[in-house]
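Peer 1: The structure follows.
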Amino acid sequence: MADSLVSALLEDAEGDLWIGTEARGLHRLQDAPFTTHGRPEGLAHEMVLAIHEARDGSLWFGTVGGGVSRMQRDGQVTSWSMADGLILDRVRSIAETPDGVLWFGTRVGISRWSGGRFTSFGAAQGLTDPRAFLLAVDAAGTLWVGTPTGLFRWNGARFEPFTPQGGLPGQEPTLLLPSAAGGLWVGTRNGGLAHVLEGRSTPWVPEAAPLDGKVLALHEEPDGTLWIGTGEGIFRWKKGGLHRFSRDEGLFDERAFQLLADGRGYLWASGNKGIFRMSLSELEEVAEGRRARITSRAYGVEDGMRSEECNSLGSPAGVRTRDGRLWFPTIRGAVVYTPQHEQAHMVSPPALIEELRVDGHPMPRSDWERLLVGDGRLELHFTATGLRAPRRLRFRYQLEGIDPEPVEAGAQRVASYTRLPPGHYRFRVESQYADGGAAPPVEVALFLRPRFHQTLTFRMGCVLAAVLAVAGGVWLRLRAGRLRERELRAHVDLRTAELATLNADLEARLQELQATRERLVHAEKMAAVGTLAAGVGHELNNPLAFVISNVHYAAAEVRDVAERGEERERWEEVGQALSEALQGAERMRRIIQDLKTFSRVQPHREQQRVDLHAVLDLALSISAAEMRHRARVVKAYGPVPAVLGDETRLGQVFLNLLINAAQALPEGHAGQHEIRVSTRQDGQGGVVVAVSDTGEGITPDVLSRIFEPFFTTKPVGVGTGLGLSICHSYVQAMGGDIRVRSEVGRGTTFEVVLRSAEEEAIAQPTARASTSGEKGPRGRLMVIDDEPLLLASLTRTLAPEHEVEAFGGARAALERLRAGERYSLILCDVMMPEMTGVELYETLVREVPGQAGRLVFLTGGAFSEAARSHLETTRRPCLEKPFEPEALRARIHALLEAQESSPLRKAVGE
């Protein structure tokens with residue numbers, strides 16, 4: 001304006017001076033708190049990254065592409081670049097050592113300014129990572145360098161990498177700041193903060209918890225309180241506790257590049273949205289829960305800055321000089337805050353209501369008190385004549401009767417309402433600067449006329465119509481209700497009767513289900529007892545086998561001694577005792593055989609010839625204990641042929657009939673009652689077995705249901721109701737029939753009709769057994785069993801007549817056979833732990849087929865269905881344990897003679 005002719009001057013209410021010129025337009029002169037220093041003021045480049053105050057009071061600026069600039073106290077600016085020896089024109093960091101030497105960090109190394117010249121340092125001087133983005137000098141005068149890969153320190157001659165004891169809370173340092181208590185504060189990209197002192201690192205905040213984002217700034221209070229700036233907010237650390245400040249608590253911006261205290265109770269922060277300050281006392285009150293929000297005062301272009309965007313790429317990103325001024329780098333120069341140039345409070349201009357719109361259409365002010373809105377949209381536009389800093393103007397409005405509290409509109413300058421009811425309203429709005437007091441509010445009165453449907457007449461008509469409609473509806477509903485009530489009463493009576501019937505039926509069914517459940521539980525127990533009996537029988541067979549064999553051997557030896565030696569009578573008594581022991585063992589063998597027969601669960605097989613009288617005798621033997629105290633047993637067997645059927649299932653049928661007959665008689669009167677078992681052949685060739693008792697008999701109503709599953713007349717716990725049903729199904733499966741006839745007071749007779757096997761009988765060749773007096777062919781025998789005592793007894797029994805080799809397992813025997821040894825017979829147990837007899841047989845079929853045909857199985861009778869199926873497919877002979885010695889020797893002689901006469905043996909030459 002040096003050459004301009006001033007024609008007018010005006011100072012407004014906000015303290016600004018307006019200048020009117022003849023030819024240069026209108027100008028405004030402000031006393032702004034910030035002053036900008038950039039290229040026009042002599043700096044080497046517009047974008048400043050770092051600012052440092054030297055010991056002599058001069059200011060040094062690191063720029064993006066102009067090198068470094070120095071501003072003396074008198075305002076003179078001097079710049080240096082790569083042409084003057086600077087390592088790079090893009091200077092990221094500045095630091096000064098106690099000897100007055102200045103250090104400048106760049107991405108390619110460090111330049112030192114001393115004695116008016118630059119010296120460069122890089123990898124050759126120990127700086128293995130030349131990206132010196134951070135420089136700091138601690139209280140001891142040590143120069144520290146922060147790079148993306150870690151820390152370095154200057155030892156006076158060169159740089160050396162440094163890793164403190166305890167490490168750092170992160171990989172990449174983003175902050176280096178001397179600590180007032182000595183040492184160095186180190187912040188990292190992942191939100192960690194540590195204090196390094198005397199080579200040891202003390203973590204203040206662990207990595208990534210709870211700070212968010214990289215640590216960019218830190219201010220340390222004299223009492224040890226830390227204010228930490230990050231990319232995600234400002235934090236206060238005090239006495240081990242952290243508090244995060246955010247926008248919700250009044251923070252202007254959550255990103256803080258630098259934090260500076262001005263010594264007048266304010267904390268200043270720079271960011272990419274501008275510079276703002278906060279009251280330290282308000283921050284403390286919010287952190288301690290004594291206040292809800294803080295007041296942030298933001299500064300921008302209106303306050304003397306050419307750009308609001310500050311820089312975070314350099315270090316330091318701001319400095320407080322000795323004269324109390326605050327310097328910050330921006331993308332358009334360095335800005336300095338001078339407190340003396342800021343007004344204590346800016347006077348806020350009054351608000352002005354500019355326009356009122358209904359459904360987007362402007363309404364003349366004369367119609368504001370007679371508006372017809374209805375369901376439309378009402379908008380009120382307002383503003384304020386604040387020319388000093390219009391972007392910092394904030395508004396608050398309230399529509400009485402609608403808004404219970406004033407609405408904080410911020411910078412928004414419009415209020416919108418929809419579906420307002422008719423009536424009188426008063427709209428109030430006030431404006432204020434963010435750091436100034438509010439101007440007096442402005443009010444306007446409004447009246448919204450009702451539409452026809454909003455008038456009292458229309459509403460009264462609607463009410464009357466509604467009352468009439470309700471009354472008519474109530475009358476109709478009452479009438480329909482009475483009719484419906486009569487229908488429901490009749491329906492309820494009918495349903496009540498039906499429910500009573502259903503309840504009675506349901507109760508009966510529940511009782512039946514409970515009884516059925518108890519029978520099933522009992523059946524499960526009986527099945528478990530049967531399985532246990534089979535297992536016990538199998539486990540007893542092995543010891544019983546060698547007991548019988550050894551007792552036979554001992555008896556034979558005693559007889560020989562008695563015939564040769566003295567005290568003959570004494571040895572005969574011993575022989576008699578052994579004979580009695582053999583009789584007892586034989587009784588045990590028959591009992592175990594009976595247990596196995598009646599406990600075995602077999603799948604349906606092809607029917608075979610069955611000796612009927614033998615099965616009946618076995619059933620009578622098992623049920624003798626139950627019948628002994630109730631009745632005398634009469635057997636009336638007639639001449640009958642063998643029958644076709646399943647021996648095990650027939651035994652179960654007869655046993656069940658005998659037990660039922662015994663339970664039909666009272667205990668203690670055996671002489672007065674009789675159970676008769678008779679056999680005969682009917683006229684059609686069938687065989688009839690009759691089981692009769694002299695009990696009370698069965699009534700006709702019960703007799704018709706006697707074969708139904710779970711039907712029983714016995715008390716709970718005595719029967720399951722499944723016995724006769726199972727008997728009926730078993731007999732029918734064998735092609736027979738079961739009948740019953742009973743007379744009350746005289747007894748009951750069950751008849752089982754079975755098919756004769758006389759015509760279907762197939763003659764089975766029987767091997768000629770050598771008599772006890774004959775000597776059969778002598779053979780070489782292999783005996784395999786996992787029971788050592790049984791092996792010893794078998795060897796002792798067979799050794800006098802044969803060459804016997806005993807093996808405790810199938811694998812050892814298999815190795816001997818693979819080695820070429822051959823045997824006349826191979827006696828092998830079926831169930832063994834390592835290799836079963838069936839597995840041995842299958843292996844021999846593949847590898848030594850000539851010996852597979854000489855294998856004879858030994859079995860105790862209890863094995864799985866899979867093992868039984870495999871055993872049947874081999875078609876090899878089986879010897880049942882326990883063995884009677886003479887019968888065993890006779891069986892072995894018969895098998896040897898069969899082998900001698902075998903056509904296969906003659907063909908292969910064995």
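Order determines the names: the first chain of the structure tokens is A, the second B, and so forth; residues in each chain are numbered 1 upward, and ligands are numbered 1 upward as they are shown.
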Could you find all residues in region 88-135 of chain A that DSSP calls strand (DSSP E or B) from the backbone, and write them as a VMD selection string?

Peer 2: chain A and resid 93 to 96 102 to 105 110 to 114 117 to 121 134 to 135

Peer 1: Which one is closest to Leu168 (chain A): A:Pro148, A:Gly304, A:Pro362, A:Gly192? Count only C-alpha atoms.

Peer 2: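 Closest to Leu168 (chain A), using only C-alpha atoms: A:Gly192.
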
Peer 1: Report as a PyMOL selection string: the residues of region 125-297 of chain A with a DSSP assignment of alpha helix (DSSP H), based on the backbone of this structure.

Peer 2: chain A and resi 280-287

Peer 1: Just checking: using only C-alpha atoms, which residue out of A:Arg632, A:Arg107, A:Arg291, A:Arg332 ends up closest to Glu308 (chain A)?

Peer 2: A:Arg332

Peer 1: Fewer than 3 positions away in the same chain doesn't count, so skip those; otherwise give me all residues within 8 Å of Gly105 (chain A), counting only C-alpha atoms, as a PyMOL selection string.

Peer 2: chain A and resi 91-94+109-111+131-135

Peer 1: Emit the selected residues as a PDB file, in the first residue's frame, including N, CA, C and O atoms.

Peer 2:
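Wrote again-v3.pdb, looks like this:
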```pdb
ATOM      1  N   VAL A  91      16.044 -31.163   5.373  1.00  0.00           N
ATOM      2  CA  VAL A  91      16.525 -31.333   6.745  1.00  0.00           C
ATOM      3  C   VAL A  91      15.340 -31.723   7.632  1.00  0.00           C
ATOM      4  O   VAL A  91      14.348 -30.979   7.726  1.00  0.00           O
ATOM      5  N   ARG A  92      15.444 -32.903   8.281  1.00  0.00           N
ATOM      6  CA  ARG A  92      14.354 -33.461   9.082  1.00  0.00           C
ATOM      7  C   ARG A  92      14.491 -33.165  10.573  1.00  0.00           C
ATOM      8  O   ARG A  92      13.495 -33.168  11.293  1.00  0.00           O
ATOM      9  N   SER A  93      15.709 -32.942  11.092  1.00  0.00           N
ATOM     10  CA  SER A  93      15.887 -32.785  12.533  1.00  0.00           C
ATOM     11  C   SER A  93      17.083 -31.881  12.807  1.00  0.00           C
ATOM     12  O   SER A  93      18.023 -31.792  12.018  1.00  0.00           O
ATOM     13  N   ILE A  94      17.024 -31.183  13.970  1.00  0.00           N
ATOM     14  CA  ILE A  94      18.079 -30.261  14.396  1.00  0.00           C
ATOM     15  C   ILE A  94      18.321 -30.477  15.877  1.00  0.00           C
ATOM     16  O   ILE A  94      17.373 -30.639  16.662  1.00  0.00           O
ATOM     17  N   GLY A 109      21.987 -39.014   5.952  1.00  0.00           N
ATOM     18  CA  GLY A 109      23.069 -38.861   6.904  1.00  0.00           C
ATOM     19  C   GLY A 109      22.900 -37.598   7.737  1.00  0.00           C
ATOM     20  O   GLY A 109      21.839 -36.970   7.762  1.00  0.00           O
ATOM     21  N   ILE A 110      24.001 -37.212   8.435  1.00  0.00           N
ATOM     22  CA  ILE A 110      23.986 -36.083   9.365  1.00  0.00           C
ATOM     23  C   ILE A 110      25.076 -35.091   8.958  1.00  0.00           C
ATOM     24  O   ILE A 110      26.191 -35.473   8.588  1.00  0.00           O
ATOM     25  N   SER A 111      24.719 -33.783   9.044  1.00  0.00           N
ATOM     26  CA  SER A 111      25.708 -32.721   8.836  1.00  0.00           C
ATOM     27  C   SER A 111      25.949 -32.007  10.159  1.00  0.00           C
ATOM     28  O   SER A 111      24.999 -31.726  10.914  1.00  0.00           O
ATOM     29  N   ARG A 131      19.201 -42.732   7.933  1.00  0.00           N
ATOM     30  CA  ARG A 131      17.951 -41.982   8.011  1.00  0.00           C
ATOM     31  C   ARG A 131      17.807 -41.369   9.407  1.00  0.00           C
ATOM     32  O   ARG A 131      17.107 -41.889  10.269  1.00  0.00           O
ATOM     33  N   ALA A 132      18.469 -40.236   9.609  1.00  0.00           N
ATOM     34  CA  ALA A 132      18.492 -39.564  10.915  1.00  0.00           C
ATOM     35  C   ALA A 132      17.284 -38.652  11.037  1.00  0.00           C
ATOM     36  O   ALA A 132      17.387 -37.427  10.930  1.00  0.00           O
ATOM     37  N   PHE A 133      16.121 -39.242  11.289  1.00  0.00           N
ATOM     38  CA  PHE A 133      14.882 -38.471  11.369  1.00  0.00           C
ATOM     39  C   PHE A 133      14.713 -37.795  12.721  1.00  0.00           C
ATOM     40  O   PHE A 133      13.924 -36.863  12.849  1.00  0.00           O
ATOM     41  N   LEU A 134      15.431 -38.273  13.747  1.00  0.00           N
ATOM     42  CA  LEU A 134      15.305 -37.729  15.102  1.00  0.00           C
ATOM     43  C   LEU A 134      16.690 -37.427  15.657  1.00  0.00           C
ATOM     44  O   LEU A 134      17.614 -38.251  15.515  1.00  0.00           O
ATOM     45  N   LEU A 135      16.862 -36.264  16.266  1.00  0.00           N
ATOM     46  CA  LEU A 135      18.099 -35.892  16.959  1.00  0.00           C
ATOM     47  C   LEU A 135      17.727 -35.317  18.312  1.00  0.00           C
ATOM     48  O   LEU A 135      16.743 -34.570  18.433  1.00  0.00           O
TER      49      LEU A 135
END
```

Peer 1: So, with only C-alpha atoms as the atoms that count, which of A:Tyr299, A:Tyr823, A:Trp268, A:Trp185 lies closest to Gln899 (chain A)?

Peer 2: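 Counting only C-alpha atoms, the residue closest to Gln899 (chain A) is A:Tyr823.
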
Peer 1: Which residues are close to region 636-642 of chain A, i.e. within 7 Å by only C-alpha atoms, leaving aside same-chain residues fewer than 3 positions away? Reply as number ranges by chain.

Peer 2: A: 609-612, 677-681, 687, 756-758

Peer 1: Hey, which of A:Glu354, A:Asp737, A:Glu41, A:Glu557 ends up closest to Arg796 (chain A)? Count only C-alpha atoms.

Peer 2: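 Closest to Arg796 (chain A), using only C-alpha atoms: A:Glu557.
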
Peer 1: Please report the interatomic distance between CA of Phe152 (chain A) and CA of Thr128 (chain A) in Å with one decimal.

Peer 2: 9.1 Å

Peer 1: Just the residues within 8 Å of Glu220 (chain A), please, counting only C-alpha atoms, with nothing from its chain fewer than 3 positions along; format it as a list in words.

Peer 2: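 In the requested form, the answer reads Ser179, Ala180, Gly224, Thr225, Leu226 and Trp227 of chain A.
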
Peer 1: List the neighbours of Tyr266 (chain A) out to 10 Å using only C-alpha atoms; skip same-chain residues closer than 5 positions along the sequence, and give me the result as a short mmCIF file (atom, residue, chain, number, x, y, z; two decimals) with all heavy atoms, in the first residue's frame.

Peer 2:
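The resulting file, around.cif, is shown below:
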```cif
data_model
loop_
_atom_site.label_atom_id
_atom_site.label_comp_id
_atom_site.auth_asym_id
_atom_site.auth_seq_id
_atom_site.Cartn_x
_atom_site.Cartn_y
_atom_site.Cartn_z
N LEU A 260 3.33 -28.06 23.64
CA LEU A 260 4.15 -27.03 24.30
C LEU A 260 3.31 -26.35 25.36
O LEU A 260 2.12 -26.05 25.15
CB LEU A 260 4.64 -25.98 23.29
CG LEU A 260 5.57 -26.48 22.16
CD1 LEU A 260 5.83 -25.33 21.19
CD2 LEU A 260 6.87 -27.02 22.72
N ALA A 261 3.92 -26.09 26.52
CA ALA A 261 3.27 -25.30 27.57
C ALA A 261 3.77 -23.87 27.47
O ALA A 261 4.97 -23.63 27.32
CB ALA A 261 3.57 -25.89 28.94
N PHE A 276 -4.06 -25.41 18.30
CA PHE A 276 -5.09 -25.15 19.30
C PHE A 276 -4.46 -25.25 20.69
O PHE A 276 -3.40 -25.84 20.88
CB PHE A 276 -6.26 -26.13 19.16
CG PHE A 276 -5.89 -27.57 19.31
CD1 PHE A 276 -6.09 -28.23 20.51
CD2 PHE A 276 -5.36 -28.28 18.23
CE1 PHE A 276 -5.77 -29.57 20.64
CE2 PHE A 276 -5.05 -29.62 18.36
CZ PHE A 276 -5.25 -30.27 19.56
N ARG A 277 -5.15 -24.59 21.62
CA ARG A 277 -4.65 -24.60 22.99
C ARG A 277 -5.76 -25.05 23.93
O ARG A 277 -6.96 -24.92 23.62
CB ARG A 277 -4.15 -23.21 23.40
CG ARG A 277 -5.27 -22.22 23.63
CD ARG A 277 -4.75 -20.87 24.08
NE ARG A 277 -5.86 -19.97 24.40
CZ ARG A 277 -5.70 -18.70 24.74
NH1 ARG A 277 -4.49 -18.16 24.74
NH2 ARG A 277 -6.76 -17.95 25.02
N MET A 278 -5.34 -25.56 25.09
CA MET A 278 -6.28 -26.06 26.10
C MET A 278 -5.78 -25.61 27.46
O MET A 278 -4.57 -25.51 27.70
CB MET A 278 -6.37 -27.59 26.06
CG MET A 278 -6.75 -28.16 24.70
SD MET A 278 -5.97 -29.77 24.42
CE MET A 278 -4.29 -29.25 24.07
N SER A 279 -6.70 -25.38 28.36
CA SER A 279 -6.35 -25.02 29.73
C SER A 279 -5.88 -26.26 30.47
O SER A 279 -6.56 -27.29 30.49
CB SER A 279 -7.56 -24.41 30.45
OG SER A 279 -7.31 -24.27 31.82
N LEU A 280 -4.70 -26.16 31.09
CA LEU A 280 -4.18 -27.31 31.84
C LEU A 280 -5.07 -27.65 33.02
O LEU A 280 -5.26 -28.84 33.34
CB LEU A 280 -2.75 -27.01 32.32
CG LEU A 280 -1.67 -27.09 31.25
CD1 LEU A 280 -0.36 -26.52 31.76
CD2 LEU A 280 -1.45 -28.54 30.80
N SER A 281 -5.65 -26.67 33.66
CA SER A 281 -6.53 -26.95 34.79
C SER A 281 -7.80 -27.67 34.33
O SER A 281 -8.27 -28.59 35.00
CB SER A 281 -6.89 -25.65 35.50
OG SER A 281 -7.57 -24.75 34.61
N GLU A 282 -8.33 -27.28 33.17
CA GLU A 282 -9.50 -27.99 32.65
C GLU A 282 -9.16 -29.42 32.28
O GLU A 282 -9.95 -30.35 32.51
CB GLU A 282 -10.06 -27.24 31.44
CG GLU A 282 -10.74 -25.93 31.78
CD GLU A 282 -11.38 -25.31 30.55
OE1 GLU A 282 -11.37 -25.96 29.48
OE2 GLU A 282 -11.91 -24.19 30.65
N LEU A 283 -7.99 -29.63 31.69
CA LEU A 283 -7.56 -30.99 31.36
C LEU A 283 -7.47 -31.85 32.61
O LEU A 283 -7.91 -33.02 32.61
CB LEU A 283 -6.21 -30.95 30.64
CG LEU A 283 -6.21 -30.40 29.21
CD1 LEU A 283 -4.78 -30.18 28.74
CD2 LEU A 283 -6.94 -31.35 28.27
#
```

Peer 1: Which is closer to Arg255 (chain A) than all the others in A:Ala181, A:Ile706, A:Val215, A:Leu794, using only C-alpha atoms?

Peer 2: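 When distances to Arg255 (chain A) are compared using only C-alpha atoms, the smallest one comes from A:Val215.
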
Peer 1: When you draw a straight line from CA of Ser270 (chain A) to CA of Thr174 (chain A), how long is it in Å?

Peer 2: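 CA of Thr174 (chain A) lies 16.3 Å from CA of Ser270 (chain A).
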
Peer 1: Residues at most 10 Å from Arg293 (chain A), counting only C-alpha atoms, excluding those fewer than 4 positions away in the same chain, as a ChimeraX atom specification?

Peer 2: /A:245-251,282-283,285-287,289

Peer 1: Suppose we keep all heavy atoms; can you now write the selection as a CSV table (one decimal), in the first residue's frame?

Peer 2:
```csv
chain,number,residue,atom,x,y,z
A,245,PHE,N,-7.8,-38.1,26.0
A,245,PHE,CA,-8.7,-37.1,25.7
A,245,PHE,C,-9.1,-37.2,24.2
A,245,PHE,O,-8.2,-37.5,23.4
A,245,PHE,CB,-8.1,-35.7,25.9
A,245,PHE,CG,-7.7,-35.4,27.3
A,245,PHE,CD1,-6.4,-35.8,27.8
A,245,PHE,CD2,-8.6,-34.9,28.2
A,245,PHE,CE1,-6.1,-35.6,29.1
A,245,PHE,CE2,-8.2,-34.7,29.5
A,245,PHE,CZ,-7.0,-35.0,30.0
A,246,SER,N,-10.4,-37.0,23.9
A,246,SER,CA,-10.9,-37.1,22.5
A,246,SER,C,-11.8,-36.0,22.2
A,246,SER,O,-12.0,-35.1,23.0
A,246,SER,CB,-11.6,-38.5,22.4
A,246,SER,OG,-12.7,-38.5,23.2
A,247,ARG,N,-12.3,-36.0,21.0
A,247,ARG,CA,-13.3,-35.0,20.5
A,247,ARG,C,-14.5,-35.0,21.4
A,247,ARG,O,-15.1,-33.9,21.6
A,247,ARG,CB,-13.7,-35.3,19.1
A,247,ARG,CG,-12.6,-35.0,18.1
A,247,ARG,CD,-13.1,-35.3,16.7
A,247,ARG,NE,-12.1,-35.1,15.7
A,247,ARG,CZ,-11.8,-33.9,15.1
A,247,ARG,NH1,-12.5,-32.9,15.5
A,247,ARG,NH2,-10.9,-33.8,14.2
A,248,ASP,N,-14.9,-36.2,21.9
A,248,ASP,CA,-16.1,-36.2,22.8
A,248,ASP,C,-15.9,-35.4,24.0
A,248,ASP,O,-16.9,-35.0,24.7
A,248,ASP,CB,-16.4,-37.6,23.2
A,248,ASP,CG,-16.8,-38.5,21.9
A,248,ASP,OD1,-17.2,-37.8,20.9
A,248,ASP,OD2,-16.7,-39.7,22.0
A,249,GLU,N,-14.7,-35.1,24.5
A,249,GLU,CA,-14.4,-34.3,25.7
A,249,GLU,C,-14.0,-32.9,25.3
A,249,GLU,O,-13.5,-32.2,26.2
A,249,GLU,CB,-13.4,-35.0,26.5
A,249,GLU,CG,-13.8,-36.4,27.1
A,249,GLU,CD,-12.7,-37.1,27.8
A,249,GLU,OE1,-11.5,-36.9,27.4
A,249,GLU,OE2,-13.0,-37.8,28.7
A,250,GLY,N,-14.2,-32.5,24.1
A,250,GLY,CA,-13.9,-31.1,23.7
A,250,GLY,C,-12.6,-30.9,23.0
A,250,GLY,O,-12.3,-29.7,22.7
A,251,LEU,N,-11.9,-31.9,22.7
A,251,LEU,CA,-10.6,-31.8,22.0
A,251,LEU,C,-10.8,-31.3,20.6
A,251,LEU,O,-11.7,-31.9,19.8
A,251,LEU,CB,-9.8,-33.1,22.0
A,251,LEU,CG,-8.3,-33.0,21.9
A,251,LEU,CD1,-7.7,-32.3,23.1
A,251,LEU,CD2,-7.7,-34.4,21.8
A,282,GLU,N,-8.3,-27.3,33.2
A,282,GLU,CA,-9.5,-28.0,32.7
A,282,GLU,C,-9.2,-29.4,32.3
A,282,GLU,O,-10.0,-30.4,32.5
A,282,GLU,CB,-10.1,-27.2,31.4
A,282,GLU,CG,-10.7,-25.9,31.8
A,282,GLU,CD,-11.4,-25.3,30.5
A,282,GLU,OE1,-11.4,-26.0,29.5
A,282,GLU,OE2,-11.9,-24.2,30.7
A,283,LEU,N,-8.0,-29.6,31.7
A,283,LEU,CA,-7.6,-31.0,31.4
A,283,LEU,C,-7.5,-31.9,32.6
A,283,LEU,O,-7.9,-33.0,32.6
A,283,LEU,CB,-6.2,-31.0,30.6
A,283,LEU,CG,-6.2,-30.4,29.2
A,283,LEU,CD1,-4.8,-30.2,28.7
A,283,LEU,CD2,-6.9,-31.3,28.3
A,285,GLU,N,-9.1,-31.4,35.4
A,285,GLU,CA,-10.4,-31.7,36.0
A,285,GLU,C,-11.2,-32.7,35.2
A,285,GLU,O,-11.9,-33.6,35.8
A,285,GLU,CB,-11.2,-30.4,36.0
A,285,GLU,CG,-10.7,-29.3,37.0
A,285,GLU,CD,-11.4,-28.0,36.8
A,285,GLU,OE1,-12.3,-27.9,36.0
A,285,GLU,OE2,-11.1,-27.1,37.6
A,286,VAL,N,-11.0,-32.7,33.9
A,286,VAL,CA,-11.7,-33.8,33.0
A,286,VAL,C,-11.1,-35.1,33.3
A,286,VAL,O,-11.8,-36.1,33.4
A,286,VAL,CB,-11.6,-33.4,31.5
A,286,VAL,CG1,-12.0,-34.6,30.7
A,286,VAL,CG2,-12.4,-32.2,31.2
A,287,ALA,N,-9.8,-35.2,33.4
A,287,ALA,CA,-9.1,-36.5,33.7
A,287,ALA,C,-9.5,-37.1,35.0
A,287,ALA,O,-9.6,-38.3,35.2
A,287,ALA,CB,-7.6,-36.3,33.6
A,289,GLY,N,-12.4,-36.5,36.5
A,289,GLY,CA,-13.9,-36.7,36.5
A,289,GLY,C,-14.6,-35.6,37.2
A,289,GLY,O,-15.8,-35.7,37.4
```

Peer 1: Between CA of Ala810 (chain A) and CA of Met835 (chain A), what is the distance, to one decimal in Å?

Peer 2: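 We find that CA of Ala810 (chain A) and CA of Met835 (chain A) lie 5.8 Å from each other.
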